[in-house]
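Novice: Sharing a structure here in structure tokens format.
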2 protein chains.
Amino acid sequence: MEISPLAAASPLFRKIPAEDLPPLLRRMDARERQYQKGELLLHRGARTEHLGLVLSGAVHIVREDFWGNRAIVGLAGPGDVFAETYALSGEPLEVSVLAAADVAVLFLEVERTAFGKAGAFQEQLKENLLSLLAGKNLQLTRKIRHMAQRTTREKLLSYLSAQALLAGSPAFDIPLDRQQLADFLAVDRSAMSAALGKLRDEGILEFRKNHFRLLRPTEQGD
Amino acid sequence: MEISPLAAASPLFRKIPAEDLPPLLRRMDARERQYQKGELLLHRGARTEHLGLVLSGAVHIVREDFWGNRAIVGLAGPGDVFAETYALSGEPLEVSVLAAADVAVLFLEVERTAFGKAGAFQEQLKENLLSLLAGKNLQLTRKIRHMAQRTTREKLLSYLSAQALLAGSPAFDIPLDRQQLADFLAVDRSAMSAALGKLRDEGILEFRKNHFRLLRPTEQGD
DNA sequence: AAAAGTCTGTTGGATTTGCAACGAACGGAG
DNA sequence: CTCCGTTCGTTGCAAATCCAACAGACTTTT
């Protein structure tokens with residue numbers, strides 16, 4: 001098996017020497033899969049013992065009711081891991097995972113491997129998983145922070161200023177189109193579009209397509 | 001040091017023999033603290049190397065801007081653990097923790113202990129922390145699911161049916177008063193009160209104080 | 001028992017959102 | 001170049017919201 005350099009560089013394998021990867025991947029029952037944009041990788045209700053590692057492209061973690069209302073719970077791009085919570089807990093998925101673009105992912109069995117008899121990798125693997133889960137927790141908490149804002153305008157500012165902070169620059173690109181951003185913030189797309197326009201008119205924001213620039217430091221209340 | 005039976009029974013110490021606890025707790029720099037209702041246990045911006053284990057009472061994980069808008073991000077009751085994400089990641093807290101009632105908590109150093117040289121407990125402790133974090137992740141995901149509903153009414157039904165499922169009964173108590181529930185769901189209290197009344201009028205719901213009963217199986221869309 | 005404080009439901013009006021529809025702009029594919 | 005599908009902003013109206021204020025029920029304190 002050839003090992004993607006991206007996989008080797010993933011936080012999942014931090015501090016694990018490259019030469020140890022092949023046996024570890026074998027032990028983790030590594031399977032690479034390709035999907036086209038829009039395809040479903042994992043569907044709600046299923047169980048999985050494998051977590052997913054995005055090699056290229058991006059996936060969306062979504063929750064949709066059967067009237068088509070779609071909520072984007074999370075995003076995973078190259079190097080990111082998804083479904084690790086369900087792989088570890090054994091619970092059935094409460095979300096679906098779909099390809100936001102053409103995507104290649106590596107599925108890795110994790111519970112048996114990490115919880116198996118102590119071996120060379122188990123300890124480091126467990127620590128890496130802990131960091132991963134802690135980071136995921138922070139992500140979710142931040143998303144809740146955006147969603148907890150009362151108006152569409154405030155949700156937008158909360159999200160956009162977080163992105164600016166993340167990018168380390170007032171100008172940045174976001175990985176979502178308008179509909180996806182609306183689904184992510186749980187707001188109406190047209191209302192959001194209007195709110196964006198108003199923010200631009202007020203000179204707080206510039207944007208074109210997926211590129212945004214915050215013009216004032218938007219002293220976010222918190 | 002005397003060990004609370006509740007602490008010993010915590011998922012944090014699952015599969016760790018009772019006789020091994022005293023040295024482990026010592027190593028974790030265990031400190032018991034008491035707080036009165038309303039007191040702040042940890043404030044946003046601080047760093048902590050200790051996670052908290054609730055012995056009695058309850059704490060709320062909150063995020064508030066300085067106009068007093070308060071969002072309840074999470075709850076922790078007896079046996080529950082909080083701030084573990086920040087203790088593990090070393091990041092400054094993005095939330096505050098306050099006593100929802102008179103409360104006793106045990107603070108435990110975790111990163112050095114769990115990540116230290118492999119010892120008798122480290123491995124089990126790491127696994128327990130993994131389960132804990134995975135569970136916390138599921139909690140946050142579910143909360144996002146409630147918050148992603150568009151109307152107050154739908155948020156309520158989403159939350160209440162989840163509680164009923166959790167309780168294994170259509171009748172159940174919730175650990176939040178109205179204002180707290182509103183803060184938890186990120187809605188207006190008065191609007192929520194109105195929505196509750198309407199649900200009752202429609203025969204979908206009964207409630208008195210913190211006791212609720214779902215009368216119809218409320219086929220939640222998802 | 002009275003007073004003070006808390007919690008909950010209710011009301012009314014200004015504001016915001018949800019929803020459906022439409023048209024302009026853009027980017028391939030033929 | 002033209003056609004076609006997608007994305008994005010805009011509009012109009014019904015519905016839901018936010019916010020402030022108030023009243024009754026209940027608790028706790030004095």
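By convention here, the chains of the structure tokens are called A, B, ... in the order presented, each chain's residues are numbered starting at 1, and ligands are numbered starting at 1 in the order presented.
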Using only C-alpha atoms, find the residues of chain A whose closest atom to chain B is at most 9 Å away, then write them as number ranges by chain.
Specialist: A: 63-67, 71, 73, 84-86, 88-89, 94-95, 114-115, 118, 123, 126-127, 129-131, 133-138, 140-145, 147-150, 183-188, 220-222
Novice: Take the residues from that selection and write them out as a PDB file, in the first residue's frame, keeping C-alpha atoms.
Specialist:
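Printed below is result.pdb as written:
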```pdb
ATOM      1  CA  ARG A  63     -28.263  16.638   9.242  1.00  0.00           C
ATOM      2  CA  GLU A  64     -31.389  16.805   7.158  1.00  0.00           C
ATOM      3  CA  ASP A  65     -35.002  16.144   7.901  1.00  0.00           C
ATOM      4  CA  PHE A  66     -37.048  14.605   5.194  1.00  0.00           C
ATOM      5  CA  TRP A  67     -38.510  17.888   4.056  1.00  0.00           C
ATOM      6  CA  ALA A  71     -28.189  21.740   8.450  1.00  0.00           C
ATOM      7  CA  VAL A  73     -22.991  20.444  11.320  1.00  0.00           C
ATOM      8  CA  GLU A  84     -14.284   9.633  14.682  1.00  0.00           C
ATOM      9  CA  THR A  85     -16.839  10.156  17.430  1.00  0.00           C
ATOM     10  CA  TYR A  86     -19.090   7.443  16.096  1.00  0.00           C
ATOM     11  CA  LEU A  88     -15.061   5.414  18.875  1.00  0.00           C
ATOM     12  CA  SER A  89     -18.383   5.318  20.653  1.00  0.00           C
ATOM     13  CA  GLU A  94     -26.807  10.874  13.908  1.00  0.00           C
ATOM     14  CA  VAL A  95     -25.582  12.744  10.870  1.00  0.00           C
ATOM     15  CA  ALA A 114      -6.329   2.094  19.728  1.00  0.00           C
ATOM     16  CA  PHE A 115      -7.827   0.061  22.528  1.00  0.00           C
ATOM     17  CA  ALA A 118      -0.660  -2.025  24.358  1.00  0.00           C
ATOM     18  CA  GLU A 123      -0.228   4.961  23.261  1.00  0.00           C
ATOM     19  CA  LYS A 126      -4.666   7.367  21.822  1.00  0.00           C
ATOM     20  CA  GLU A 127      -3.034  10.656  22.651  1.00  0.00           C
ATOM     21  CA  LEU A 129      -7.130  10.872  19.179  1.00  0.00           C
ATOM     22  CA  LEU A 130      -7.548  12.801  22.395  1.00  0.00           C
ATOM     23  CA  SER A 131      -6.127  15.933  20.810  1.00  0.00           C
ATOM     24  CA  LEU A 133     -11.481  15.033  19.855  1.00  0.00           C
ATOM     25  CA  ALA A 134     -10.593  18.002  22.009  1.00  0.00           C
ATOM     26  CA  GLY A 135     -10.140  20.076  18.883  1.00  0.00           C
ATOM     27  CA  LYS A 136     -13.431  18.875  17.504  1.00  0.00           C
ATOM     28  CA  ASN A 137     -15.070  19.855  20.718  1.00  0.00           C
ATOM     29  CA  LEU A 138     -13.727  23.370  20.420  1.00  0.00           C
ATOM     30  CA  LEU A 140     -18.488  22.519  17.915  1.00  0.00           C
ATOM     31  CA  THR A 141     -18.485  24.961  20.796  1.00  0.00           C
ATOM     32  CA  ARG A 142     -17.539  27.758  18.451  1.00  0.00           C
ATOM     33  CA  LYS A 143     -20.260  26.790  16.030  1.00  0.00           C
ATOM     34  CA  ILE A 144     -22.738  26.900  18.870  1.00  0.00           C
ATOM     35  CA  ARG A 145     -21.473  30.351  19.663  1.00  0.00           C
ATOM     36  CA  MET A 147     -25.672  29.882  16.174  1.00  0.00           C
ATOM     37  CA  ALA A 148     -26.563  31.289  19.568  1.00  0.00           C
ATOM     38  CA  GLN A 149     -26.536  34.828  18.198  1.00  0.00           C
ATOM     39  CA  ARG A 150     -30.044  36.083  17.851  1.00  0.00           C
ATOM     40  CA  ASP A 183     -27.271  25.942   6.253  1.00  0.00           C
ATOM     41  CA  PHE A 184     -24.215  26.163   8.467  1.00  0.00           C
ATOM     42  CA  LEU A 185     -25.564  29.115  10.438  1.00  0.00           C
ATOM     43  CA  ALA A 186     -29.110  27.775  10.343  1.00  0.00           C
ATOM     44  CA  VAL A 187     -30.612  30.860   8.722  1.00  0.00           C
ATOM     45  CA  ASP A 188     -32.577  31.627   5.627  1.00  0.00           C
ATOM     46  CA  GLN A 220     -17.862  41.539  18.745  1.00  0.00           C
ATOM     47  CA  GLY A 221     -19.698  41.840  22.008  1.00  0.00           C
ATOM     48  CA  ASP A 222     -17.930  38.925  23.527  1.00  0.00           C
TER      49      ASP A 222
END
```
Novice: Name all residues at most 12 Å from DA25 (chain D) (count only C-alpha atoms (C1' of nucleotides); drop same-chain ones fewer than 6 positions away) and give them as a list in words.
Specialist: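 Neighbouring residues, sequence-local ones excluded: Lys209 of chain B; DT6, DC7, DT8 and DG9 of chain C.
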Novice: Restricting it to C-alpha atoms (C1' of nucleotides), dump the selection as a short mmCIF file (atom, residue, chain, number, x, y, z; two decimals), in the first residue's frame.
Specialist:
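Full text of out.cif as output:
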```
data_model
loop_
_atom_site.label_atom_id
_atom_site.label_comp_id
_atom_site.auth_asym_id
_atom_site.auth_seq_id
_atom_site.Cartn_x
_atom_site.Cartn_y
_atom_site.Cartn_z
CA LYS B 209 -42.92 23.62 36.48
"C1'" DT C 6 -38.39 35.04 41.95
"C1'" DC C 7 -40.55 32.59 38.30
"C1'" DT C 8 -43.89 32.18 34.75
"C1'" DG C 9 -47.31 33.46 31.40
#
```
Novice: Write out as a PyMOL selection string each polymer residue whose atoms come within 12 Å of Leu214 (chain A), counting only C-alpha atoms (C1' of nucleotides); drop sequence neighbours fewer than 2 positions from it.
Specialist: chain A and resi 156-165+167-173+196+199-200+202-207+211-212+216-219
Novice: Could you pull the residues within 12 Å of region 13-21 of chain C, counting only C-alpha atoms (C1' of nucleotides), minus those fewer than 5 positions along the same chain, as a list in words?
Specialist: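 Final neighbour list, sorted by chain and number: Arg150, Thr151, Thr152, Arg153, Ala186, Val187, Asp188, Arg189, Ser190, Ala191, Met192, Ala194 and Ala195 of chain A; Arg150 and Thr151 of chain B; DT10, DT11, DG12, DC13, DA14, DA15, DA16, DT17, DC18, DC19 and DA20 of chain D.
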Novice: Identify, with DSSP run on backbone atoms, the residues in region 3-139 of chain B assigned to strand (DSSP E), and express the list as a PyMOL selection string.
Specialist: chain B and resi 31-35+40-42+50-56+59-64+70-76+81-82+96-99+103-109
Novice: Per DSSP on the backbone, filter region 19-48 of chain B down to the residues in alpha helix (DSSP H) and report them as a list in words.
Specialist: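 DSSP on the backbone gives alpha helix (DSSP H) at Leu21, Pro22, Pro23, Leu24, Leu25, Arg26 and Arg27 of chain B.
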Novice: Would you export the selected residues with N, CA and C atoms as a compact mmCIF listing (two decimals), in the first residue's frame, please?
Specialist:
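Everything below was put into result.txt:
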```
# COMPACT_ATOMS: atom_id res chain seq x y z
N LEU B 21 -7.24 4.08 43.41
CA LEU B 21 -7.66 5.47 43.27
C LEU B 21 -6.85 6.46 44.11
N PRO B 22 -6.64 6.15 45.40
CA PRO B 22 -5.95 7.16 46.21
C PRO B 22 -4.64 7.66 45.61
N PRO B 23 -3.74 6.79 45.19
CA PRO B 23 -2.51 7.33 44.59
C PRO B 23 -2.78 8.08 43.29
N LEU B 24 -3.76 7.59 42.54
CA LEU B 24 -4.06 8.27 41.28
C LEU B 24 -4.57 9.68 41.55
N LEU B 25 -5.49 9.79 42.52
CA LEU B 25 -6.03 11.11 42.83
C LEU B 25 -4.93 12.03 43.33
N ARG B 26 -4.03 11.47 44.10
CA ARG B 26 -2.93 12.30 44.59
C ARG B 26 -2.11 12.80 43.41
N ARG B 27 -1.85 11.89 42.51
CA ARG B 27 -1.06 12.26 41.35
C ARG B 27 -1.77 13.32 40.49
```
Novice: Determine which residues of chain D sit within 9 Å of chain A, taking into account only C-alpha atoms (C1' of nucleotides), and present them as a PyMOL selection string.
Specialist: chain D and resi 7-10
